[in-house]
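Text of the file start_19.cif, holding mmCIF, C-alpha atoms and all ligand atoms:
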```cif
data_coords
loop_
_atom_site.label_atom_id
_atom_site.label_comp_id
_atom_site.auth_asym_id
_atom_site.auth_seq_id
_atom_site.Cartn_x
_atom_site.Cartn_y
_atom_site.Cartn_z
CA MET A 4 0.00 0.00 0.00
CA ILE A 5 1.36 3.42 -0.99
CA THR A 6 0.45 6.31 1.31
CA LEU A 7 0.92 9.98 0.55
CA GLY A 8 1.75 11.83 3.80
CA ILE A 9 1.03 15.55 4.21
CA GLU A 10 2.40 17.65 7.06
CA SER A 11 1.28 21.28 7.39
CA SER A 12 0.73 21.84 11.12
CA CYS A 13 3.11 24.78 11.51
CA ASP A 14 5.77 26.33 9.30
CA GLU A 15 6.96 23.37 7.26
CA THR A 16 5.18 21.88 4.26
CA GLY A 17 6.21 18.22 4.13
CA LEU A 18 5.13 15.62 1.58
CA ALA A 19 6.20 11.99 1.32
CA LEU A 20 5.29 8.67 -0.23
CA TYR A 21 5.61 5.59 1.98
CA CYS A 22 5.10 2.02 0.79
CA THR A 23 4.31 -0.69 3.36
CA LYS A 24 6.49 -3.14 1.38
CA ARG A 25 9.35 -0.96 0.16
CA GLY A 26 9.51 1.74 2.86
CA LEU A 27 9.99 5.43 2.14
CA LEU A 28 9.84 6.11 -1.61
CA SER A 29 10.33 9.88 -1.68
CA HIS A 30 9.95 12.97 0.46
CA ALA A 31 10.10 16.74 -0.01
CA LEU A 32 10.01 19.64 2.38
CA PHE A 33 9.62 23.38 2.12
CA SER A 34 10.59 25.27 5.25
CA GLN A 35 9.02 28.69 5.78
CA VAL A 36 11.75 29.73 8.21
CA ASP A 37 12.91 32.68 6.06
CA LEU A 38 9.34 33.92 5.73
CA HIS A 39 8.76 34.08 9.49
CA ALA A 40 12.30 35.05 10.54
CA LEU A 41 11.46 38.67 9.68
CA TYR A 42 8.82 38.64 12.43
CA GLY A 43 10.79 36.68 15.04
CA GLY A 44 8.21 33.88 15.14
CA VAL A 45 5.58 32.05 13.10
CA VAL A 46 2.81 34.28 11.68
CA PRO A 47 -0.15 31.86 11.34
CA GLU A 48 -1.86 33.56 8.38
CA LEU A 49 1.37 33.72 6.38
CA ALA A 50 2.01 30.06 7.21
CA SER A 51 -1.40 28.98 5.87
CA ARG A 52 -1.01 30.99 2.67
CA ASP A 53 2.40 29.54 2.00
CA HIS A 54 1.22 25.96 2.58
CA VAL A 55 -1.43 26.58 -0.08
CA ARG A 56 1.32 27.65 -2.51
CA ARG A 57 3.53 24.61 -1.81
CA LEU A 58 1.19 21.63 -1.40
CA VAL A 59 0.48 20.89 -5.06
CA PRO A 60 4.04 21.38 -6.42
CA LEU A 61 5.50 19.26 -3.60
CA THR A 62 2.94 16.50 -4.25
CA ARG A 63 3.99 16.52 -7.92
CA GLN A 64 7.64 16.43 -6.83
CA VAL A 65 7.31 13.36 -4.57
CA CYS A 66 5.33 11.51 -7.24
CA SER A 67 7.88 12.30 -9.91
CA GLU A 68 10.83 11.34 -7.66
CA ALA A 69 9.16 7.99 -6.94
CA SER A 70 8.21 7.60 -10.64
CA LEU A 71 4.57 7.25 -9.69
CA ALA A 72 1.34 8.80 -10.95
CA LEU A 73 -1.31 10.19 -8.60
CA ASN A 74 -3.43 7.14 -9.37
CA ASP A 75 -0.78 4.86 -7.87
CA ILE A 76 -1.47 6.35 -4.44
CA ASP A 77 -3.60 4.02 -2.30
CA ALA A 78 -4.35 6.40 0.59
CA VAL A 79 -3.67 9.91 1.86
CA ALA A 80 -2.61 10.67 5.44
CA TYR A 81 -2.46 14.22 6.77
CA THR A 82 -1.69 15.94 10.05
CA SER A 83 -5.08 16.82 11.55
CA GLY A 84 -3.72 18.16 14.86
CA PRO A 85 -2.36 19.53 17.06
CA GLY A 86 -1.11 22.68 15.34
CA LEU A 87 -2.15 26.03 13.88
CA ALA A 88 -5.79 25.82 12.77
CA GLY A 89 -5.36 27.56 9.41
CA ALA A 90 -2.21 25.63 8.58
CA LEU A 91 -3.85 22.30 9.48
CA LEU A 92 -6.84 23.18 7.30
CA THR A 93 -4.69 23.55 4.18
CA GLY A 94 -3.29 20.01 4.50
CA ALA A 95 -6.67 18.56 5.46
CA MET A 96 -8.38 20.16 2.44
CA MET A 97 -5.68 18.97 0.09
CA ALA A 98 -5.74 15.42 1.51
CA GLN A 99 -9.50 15.03 1.58
CA GLY A 100 -9.91 16.59 -1.87
CA LEU A 101 -7.25 14.39 -3.42
CA ALA A 102 -8.50 11.22 -1.72
CA TRP A 103 -12.05 11.98 -2.84
CA ALA A 104 -10.93 12.55 -6.43
CA LEU A 105 -8.88 9.34 -6.42
CA LYS A 106 -11.65 7.42 -4.61
CA LYS A 107 -9.14 6.36 -1.97
CA PRO A 108 -9.29 6.62 1.84
CA ALA A 109 -7.89 9.58 3.78
CA LEU A 110 -6.82 9.58 7.41
CA GLY A 111 -6.11 12.41 9.85
CA VAL A 112 -2.92 11.70 11.82
CA HIS A 113 -1.78 13.06 15.18
CA HIS A 114 1.37 15.14 14.66
CA LEU A 115 3.02 13.80 17.83
CA GLU A 116 2.32 10.21 16.79
CA GLY A 117 4.32 11.05 13.67
CA HIS A 118 7.24 12.22 15.83
CA LEU A 119 6.93 9.17 18.14
CA LEU A 120 7.14 6.73 15.24
CA ALA A 121 9.65 8.64 13.07
CA PRO A 122 12.64 6.42 14.12
CA MET A 123 10.76 3.51 12.49
CA LEU A 124 11.71 5.04 9.13
CA GLU A 125 15.32 4.04 9.83
CA ASP A 126 17.06 0.71 9.18
CA LYS A 127 17.68 0.46 12.91
CA SER A 128 14.05 0.66 13.98
CA PRO A 129 12.76 0.23 17.55
CA ASP A 130 10.36 -2.59 18.47
CA PHE A 131 7.52 -1.91 20.89
CA PRO A 132 7.50 -1.27 23.81
CA PHE A 133 9.77 1.74 24.24
CA LEU A 134 10.08 4.96 26.16
CA CYS A 135 9.89 8.07 23.99
CA LEU A 136 11.40 11.38 24.98
CA LEU A 137 9.50 13.65 22.63
CA VAL A 138 11.17 17.05 22.49
CA SER A 139 9.86 19.55 19.96
CA GLY A 140 9.13 23.26 19.68
CA GLY A 141 5.65 22.78 21.11
CA HIS A 142 5.95 19.71 23.36
CA THR A 143 8.25 18.03 25.86
CA GLN A 144 6.85 14.70 26.93
CA LEU A 145 7.91 11.31 28.25
CA VAL A 146 5.64 8.68 26.75
CA LYS A 147 5.46 4.94 27.34
CA VAL A 148 4.75 3.49 23.90
CA SER A 149 3.38 -0.06 24.18
CA GLY A 150 2.10 -0.32 20.60
CA LEU A 151 0.47 1.72 17.85
CA GLY A 152 -2.01 4.05 19.58
CA GLN A 153 -1.05 2.74 23.03
CA TYR A 154 0.53 5.79 24.59
CA GLU A 155 0.83 6.52 28.28
CA LEU A 156 1.90 10.04 29.14
CA LEU A 157 4.37 9.74 32.03
CA GLY A 158 5.38 13.38 32.28
CA GLU A 159 5.49 16.64 30.35
CA SER A 160 6.54 20.25 30.57
CA ILE A 161 4.28 22.33 32.77
CA ASP A 162 5.29 25.49 30.88
CA ASP A 163 7.67 26.07 27.94
CA ALA A 164 8.63 23.13 25.74
CA ALA A 165 12.38 22.47 25.48
CA GLY A 166 12.48 23.72 21.88
CA GLU A 167 10.54 26.82 22.83
CA ALA A 168 13.04 27.55 25.63
CA PHE A 169 15.91 27.05 23.15
CA ASP A 170 14.22 29.43 20.70
CA LYS A 171 13.47 32.15 23.26
CA THR A 172 16.97 32.02 24.73
CA ALA A 173 18.50 32.07 21.24
CA LYS A 174 16.38 35.08 20.30
CA MET A 175 17.58 36.95 23.37
CA LEU A 176 21.19 36.16 22.39
CA GLY A 177 20.47 37.65 18.94
CA LEU A 178 20.64 34.30 17.14
CA GLY A 179 17.42 34.69 15.13
CA TYR A 180 14.37 32.42 15.01
CA PRO A 181 14.04 29.48 15.41
CA GLY A 182 17.40 29.50 17.12
CA GLY A 183 17.79 26.01 18.66
CA LEU A 184 20.37 24.89 16.12
CA ALA A 185 22.22 28.25 16.15
CA LEU A 186 22.36 28.20 19.97
CA SER A 187 23.78 24.69 20.02
CA ARG A 188 26.42 25.66 17.43
CA LEU A 189 27.43 28.67 19.53
CA ALA A 190 27.51 26.45 22.63
CA GLU A 191 30.25 24.35 21.05
CA GLN A 192 32.60 27.34 21.49
CA GLY A 193 31.53 27.95 25.08
CA ASP A 194 32.53 26.83 28.55
CA ALA A 195 29.45 25.57 30.40
CA SER A 196 31.14 25.94 33.80
CA ARG A 197 31.38 29.76 33.64
CA VAL A 198 27.68 30.42 34.29
CA LYS A 199 25.78 28.26 36.77
CA LEU A 200 22.14 27.70 35.81
CA PRO A 201 19.46 25.72 37.68
CA ARG A 202 18.28 22.17 36.86
CA PRO A 203 14.52 22.80 37.19
CA MET A 204 12.26 20.10 38.71
CA MET A 205 15.13 17.62 39.17
CA ASP A 206 14.49 17.66 42.91
CA ARG A 207 10.86 16.62 42.37
CA PRO A 208 10.14 12.89 42.24
CA ASN A 209 7.80 13.11 39.21
CA LEU A 210 8.58 13.02 35.47
CA ASP A 211 7.44 16.54 34.63
CA PHE A 212 9.62 19.33 33.27
CA SER A 213 9.73 23.11 33.50
CA PHE A 214 11.92 25.22 31.23
CA SER A 215 10.44 28.68 31.60
CA GLY A 216 12.45 29.57 34.74
CA LEU A 217 15.67 28.27 33.19
CA LYS A 218 15.13 30.48 30.14
CA THR A 219 14.46 33.48 32.42
CA ALA A 220 17.59 32.70 34.47
CA ALA A 221 19.67 32.69 31.27
CA ILE A 222 18.12 35.97 30.09
CA THR A 223 18.71 37.58 33.51
CA ARG A 224 22.37 36.52 33.50
CA PHE A 225 22.82 37.92 30.00
CA LYS A 226 21.26 41.27 30.90
CA ALA A 227 23.44 41.49 34.01
CA PHE A 228 26.65 41.04 32.01
CA SER A 229 28.86 44.04 32.64
CA GLY A 230 32.19 42.96 31.14
CA SER A 231 33.95 44.36 28.13
CA ASP A 232 32.54 44.21 24.60
CA ALA A 233 35.45 41.96 23.70
CA ASP A 234 34.39 39.44 26.34
CA LYS A 235 30.68 39.65 25.54
CA GLN A 236 30.90 37.29 22.57
CA GLN A 237 32.64 34.65 24.67
CA PHE A 238 30.14 35.18 27.49
CA LYS A 239 27.32 34.53 25.01
CA ALA A 240 28.92 31.25 23.97
CA ASP A 241 29.51 30.27 27.61
CA LEU A 242 25.91 31.06 28.48
CA ALA A 243 24.66 29.09 25.47
CA ALA A 244 26.78 26.10 26.57
CA SER A 245 25.52 26.35 30.13
CA PHE A 246 21.89 26.61 29.00
CA GLU A 247 22.19 23.67 26.62
CA LEU A 248 23.86 21.52 29.27
CA ALA A 249 21.13 22.35 31.81
CA VAL A 250 18.34 21.40 29.36
CA VAL A 251 20.08 18.18 28.32
CA GLU A 252 20.86 17.13 31.90
CA VAL A 253 17.24 17.61 32.92
CA LEU A 254 15.90 15.78 29.85
CA MET A 255 18.27 12.86 30.38
CA GLY A 256 17.84 12.82 34.17
CA LYS A 257 14.08 12.43 33.84
CA SER A 258 14.41 9.94 30.96
CA CYS A 259 16.67 7.73 33.10
CA ARG A 260 14.18 7.94 35.93
CA ALA A 261 11.35 6.93 33.56
CA LEU A 262 13.39 4.00 32.21
CA LYS A 263 13.96 2.76 35.76
CA GLN A 264 10.34 3.23 36.80
CA THR A 265 8.91 1.45 33.75
CA GLY A 266 11.63 -1.21 33.43
CA LEU A 267 11.85 -0.39 29.69
CA SER A 268 15.17 -0.96 27.94
CA ARG A 269 14.58 1.02 24.71
CA LEU A 270 14.73 4.79 24.48
CA VAL A 271 13.50 6.74 21.47
CA VAL A 272 14.41 10.43 21.27
CA SER A 273 12.40 12.34 18.68
CA GLY A 274 11.06 15.79 17.75
CA GLY A 275 13.03 18.85 16.64
CA VAL A 276 15.31 19.00 19.70
CA SER A 277 16.40 15.37 19.12
CA ALA A 278 18.64 16.86 16.42
CA ASN A 279 20.70 18.36 19.25
CA ARG A 280 24.20 16.90 19.28
CA LEU A 281 24.77 17.04 23.03
CA LEU A 282 21.41 15.39 23.67
CA ARG A 283 22.28 12.57 21.28
CA VAL A 284 25.72 12.08 22.83
CA SER A 285 24.17 11.98 26.31
CA ALA A 286 21.46 9.51 25.24
CA ASP A 287 24.05 7.32 23.51
CA ALA A 288 25.92 7.06 26.81
CA LEU A 289 23.01 4.93 28.08
CA LYS A 290 24.06 2.17 25.70
CA SER A 291 26.71 1.21 28.27
CA GLU A 292 23.82 0.48 30.65
CA ASN A 293 22.21 -1.90 28.13
CA ILE A 294 19.64 0.63 26.96
CA GLU A 295 18.99 0.61 23.21
CA VAL A 296 18.80 4.17 21.86
CA PHE A 297 17.00 5.27 18.68
CA TYR A 298 16.53 8.58 16.84
CA PRO A 299 15.17 9.66 13.48
CA ARG A 300 17.80 10.79 10.96
CA LEU A 301 18.46 14.53 11.38
CA GLU A 302 16.07 15.68 8.64
CA PHE A 303 13.21 13.70 10.20
CA CYS A 304 13.73 15.10 13.72
CA THR A 305 11.98 18.34 12.76
CA ASP A 306 8.57 18.39 11.05
CA ASN A 307 8.33 16.37 7.85
CA GLY A 308 5.89 14.46 5.67
CA ALA A 309 7.64 11.10 5.97
CA MET A 310 6.65 10.58 9.61
CA ILE A 311 3.01 11.39 8.76
CA ALA A 312 3.04 9.00 5.79
CA LEU A 313 4.47 6.25 8.03
CA ALA A 314 2.07 6.79 10.95
CA GLY A 315 -0.84 7.02 8.49
CA ALA A 316 0.24 3.86 6.67
CA LEU A 317 0.39 1.87 9.92
CA ARG A 318 -3.14 2.96 10.86
CA LEU A 319 -4.63 2.74 7.38
CA SER A 320 -3.31 -0.79 6.98
CA ARG A 321 -5.28 -1.84 10.02
CA GLY A 322 -8.44 -0.45 8.42
CA GLU A 323 -8.73 3.02 9.89
CA PHE A 324 -9.81 6.03 7.86
CA SER A 325 -11.43 9.43 8.41
CA GLU A 326 -14.88 10.38 7.11
CA LEU A 327 -15.02 12.68 4.09
CA GLY A 328 -14.95 16.20 5.52
CA VAL A 329 -12.37 18.67 6.68
CA VAL A 330 -11.99 17.96 10.38
CA ILE A 331 -9.00 19.30 12.26
CA ASN A 332 -8.11 19.20 15.93
CA PRO A 333 -5.74 22.07 16.79
CA ARG A 334 -5.62 21.09 20.50
CA TRP A 335 -5.52 17.32 20.47
CA PRO A 336 -4.02 15.53 23.51
CA LEU A 337 -1.85 12.56 22.64
CA THR A 338 -3.77 10.47 25.17
CA ASP A 339 -6.96 10.80 23.04
CA LEU A 340 -5.21 9.34 20.08
CA SER A 341 -6.53 5.79 19.81
CA SER A 342 -9.90 7.28 18.84
CA THR A 343 -8.52 8.28 15.39
CA GLY A 344 -10.50 6.83 12.49
CA ARG A 345 -12.65 3.70 12.58
CA PRO A 346 -12.58 0.33 10.84
CA VAL A 347 -13.54 0.31 7.14
CA GLU A 348 -17.02 -1.19 6.70
O1 LIG A 401 9.47 19.11 15.92
P1 LIG A 401 9.66 20.49 15.43
O2 LIG A 401 10.11 20.68 14.01
O3 LIG A 401 8.38 21.36 15.57
C1 LIG A 401 7.35 21.14 16.48
O4 LIG A 401 6.57 20.18 16.29
O5 LIG A 401 7.31 21.93 17.43
O6 LIG A 401 10.72 21.16 16.43
C2 LIG A 401 11.23 22.44 16.20
C3 LIG A 401 12.10 22.81 17.40
C4 LIG A 401 12.48 24.28 17.41
O7 LIG A 401 12.22 24.79 18.70
C5 LIG A 401 13.98 24.25 17.12
O8 LIG A 401 14.71 25.32 17.68
C6 LIG A 401 14.38 22.94 17.77
O9 LIG A 401 13.32 22.06 17.42
N1 LIG A 401 15.68 22.45 17.29
C7 LIG A 401 16.77 22.32 18.06
C8 LIG A 401 17.80 21.84 17.23
N2 LIG A 401 17.30 21.69 15.97
C9 LIG A 401 15.98 22.06 16.03
N3 LIG A 401 16.97 22.57 19.37
C10 LIG A 401 18.18 22.34 19.88
N4 LIG A 401 19.23 21.89 19.14
C11 LIG A 401 19.08 21.63 17.82
N5 LIG A 401 20.12 21.17 17.11
ZN ZN A 402 6.65 18.72 15.24
#
```
Have the structure of the file written as structure tokens, please.
Ligand code: KG4
Ligand code: ZN
Amino acid sequence: MITLGIESSCDETGLALYCTKRGLLSHALFSQVDLHALYGGVVPELASRDHVRRLVPLTRQVCSEASLALNDIDAVAYTSGPGLAGALLTGAMMAQGLAWALKKPALGVHHLEGHLLAPMLEDKSPDFPFLCLLVSGGHTQLVKVSGLGQYELLGESIDDAAGEAFDKTAKMLGLGYPGGLALSRLAEQGDASRVKLPRPMMDRPNLDFSFSGLKTAAITRFKAFSGSDADKQQFKADLAASFELAVVEVLMGKSCRALKQTGLSRLVVSGGVSANRLLRVSADALKSENIEVFYPRLEFCTDNGAMIALAGALRLSRGEFSELGVVINPRWPLTDLSSTGRPVE
């Protein structure tokens, strides 16, 4: 079965074709980063309009790269939530319209399920059950994944997501938006021991996170800097290193706790922040404790169509589909996920 996957929940238009026999056939992505950088954050209306411009050409592109015609597509999966309402609508309209025209089923997919399952696109793919540390721009969650649609939320951020904290701190350091990658590059030139930052919620026994105070602490330290201009650049790098280390230590500290509590021996790290080098190095260190560690390849850490095509294919092949109609769910908790679709009659 060949599934076209459509991702349009935020500022990336992602299209992909996934075959249940042959795996990923093709994928294409247009990032709107340059469009929104001017405004220092995503402008929802501009995002929707740009998705409309990109969806058809990118669909043509993935078909041509896989040497397939539209008629060869067996089903269409699209992100139906959570995300920006207008942006979700563009993908939902495209998916439902195309599926209707092709007389094929369409299925709305949960964006976070896409992130959770993204490492299954790789040759080294995790078996169920596993613990997922899902770290993106909008979410930071620890999820026990027992099977497709069997997700138990063990803990999450009570305020800013890790990616959001990276972005806000990066913006304050003048690194642009979204600045997670730029901050981590700057951190490589810094000394994390120069500035001491807190490790929020580590003293609490639960599996929740909080990154808002850490971000504020970093901003406060930056504003209080009174050294020479010559030293300011180094201070920025040192602060970036200290901030990154604090986030990674908290993420890994809570992940280790969750592994112990659940007795799981597989850890999946996914979502935009899983592209972070220090986080990957720290997670890899768990291999010496007999924990298997999995990530998506770098380009599938951030939003993409391949993870939606895969998640959709897994659900569609067990008979699920969405009714004809443009239904989106901008605020959709992961724990409500197994209610997606219903068996084909
Ligand atoms: O998963 P994603 O593309 O979007 C959401 O679903 O939210 O994640 C985007 C987030 C942004 O906050 C971005 O700054 C962050 O992932 N990010 C990184 C890195 N690459 C992307 N954060 C830290 N280090 C990176 N290398
Ligand atoms: Zn995402």
(message) Could you list the protein, DNA and RNA residues that have any atom within 6 Å of ligand LIG 401 (chain A), counting only C-alpha atoms and all ligand atoms, and write them as a PyMOL selection string?
(response) chain A and resi 139-141+166-167+169-170+181-184+187+274-276+278-279+305-306
(request) Provide the CA of Glu155 in chain A to CA of Val112 in chain A distance in Å, to one decimal place. (result) 17.7 Å
(request) Considering only C-alpha atoms and all ligand atoms, state which residue in the set A:Gly100, A:Gly94, A:Gly308, A:Gly193 is at the smallest distance from ligand ZN 402 (chain A). (result) A:Gly308
(message) From the options A:Gln99, A:Ala164, A:Tyr21, A:Asp206, which residue's atoms come nearest to ligand ZN 402 (chain A), counting all atoms listed in the file?
(response)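 Nearest candidate to ligand ZN 402 (chain A) out of A:Gln99, A:Ala164, A:Tyr21, A:Asp206: A:Ala164.
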(message) When you count only C-alpha atoms, which of these residues is closest to Ala221 in chain A: A:Ser291, A:Ser245, A:Asn307, A:Asn209?
(response) A:Ser245
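Excluding Leu20 in chain A and any residue on its chain fewer than 4 positions from it, the residues at most 10 Å away by only C-alpha atoms are A:Ile5, A:Thr6, A:Leu7, A:Gly8, A:Ile9, A:Gly26, A:Leu27, A:Leu28, A:Ser29, A:His30, A:Ala31, A:Thr62, A:Val65, A:Cys66, A:Glu68, A:Ala69, A:Leu71, A:Ile76, A:Ala78, A:Val79, A:Ala80, A:Gly308, A:Ala309, A:Ile311, A:Ala312, A:Leu313, A:Ala316.
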Restricting the output to C-alpha atoms, write the selected residues as a compact mmCIF listing (two decimals), in the frame of the given file.
```txt
# COMPACT_ATOMS: atom_id res chain seq x y z
CA ILE A 5 1.36 3.42 -0.99
CA THR A 6 0.45 6.31 1.31
CA LEU A 7 0.92 9.98 0.55
CA GLY A 8 1.75 11.83 3.80
CA ILE A 9 1.03 15.55 4.21
CA GLY A 26 9.51 1.74 2.86
CA LEU A 27 9.99 5.43 2.14
CA LEU A 28 9.84 6.11 -1.61
CA SER A 29 10.33 9.88 -1.68
CA HIS A 30 9.95 12.97 0.46
CA ALA A 31 10.10 16.74 -0.01
CA THR A 62 2.94 16.50 -4.25
CA VAL A 65 7.31 13.36 -4.57
CA CYS A 66 5.33 11.51 -7.24
CA GLU A 68 10.83 11.34 -7.66
CA ALA A 69 9.16 7.99 -6.94
CA LEU A 71 4.57 7.25 -9.69
CA ILE A 76 -1.47 6.35 -4.44
CA ALA A 78 -4.35 6.40 0.59
CA VAL A 79 -3.67 9.91 1.86
CA ALA A 80 -2.61 10.67 5.44
CA GLY A 308 5.89 14.46 5.67
CA ALA A 309 7.64 11.10 5.97
CA ILE A 311 3.01 11.39 8.76
CA ALA A 312 3.04 9.00 5.79
CA LEU A 313 4.47 6.25 8.03
CA ALA A 316 0.24 3.86 6.67
```
(request) For range 332-335 of chain A, please output as a ChimeraX atom specification all residues within 6 Å (counting all atoms listed in the file; exclusion window: fewer than 3 positions along the same chain). (result) /A:83-86,88
(request) Rank nothing, just name the residue among A:Ala249, A:Cys304, A:Gly43, A:Lys257 nearest to ligand ZN 402 (chain A), using all atoms listed in the file. (result)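 Distance minimum relative to ligand ZN 402 (chain A) lands on A:Cys304.
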(request) Name all residues at most 10 Å from Glu125 in chain A (count all atoms listed in the file; drop same-chain ones fewer than 6 positions away) and give them as a list in words. (result)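 What passes the distance filter is Gly26, Leu27, Phe297, Tyr298, Pro299, Arg300 and Phe303 of chain A.
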(message) Here's a test: counting all atoms listed in the file, identify every protein, DNA and RNA residue with an atom at most 9 Å from (8.6, 30.1, 32.0) in the file's coordinate frame, and state them as a PyMOL selection string.
(response) chain A and resi 161-163+168+213-219
(message) Under the rule that all atoms listed in the file are counted, which of A:Glu302, A:Glu15, A:Asp211, A:Asp232 is the nearest residue to Leu49 in chain A?
(response)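 Answer, going by the shortest atom-to-atom distance: A:Glu15.
If you measure from each of A:Gly111, A:Met4, A:Gly177, A:Asp53 to Val329 in chain A using all atoms listed in the file, the closest one turns out to be A:Gly111.
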Which centre and edge lengths in Å to one decimal define the box along x, y and z that fits every listed atom of range 7-21 of chain A plus 5 Å per side, as JSON?
```
{"center_x": 3.8, "center_y": 16.0, "center_z": 5.6, "size_x": 16.2, "size_y": 30.7, "size_z": 21.7}
```
(request) Quote the spacing between CA of Ser67 in chain A and CA of Leu327 in chain A in Å to one decimal place. (result) 26.8 Å
(message) Give me the residues near Glu48 in chain A as a PyMOL selection string, where near means some atom within 8 Å (using all atoms listed in the file) and where sequence neighbours in that chain fewer than 2 positions away do not count.
(response) chain A and resi 46+50-52+89-90
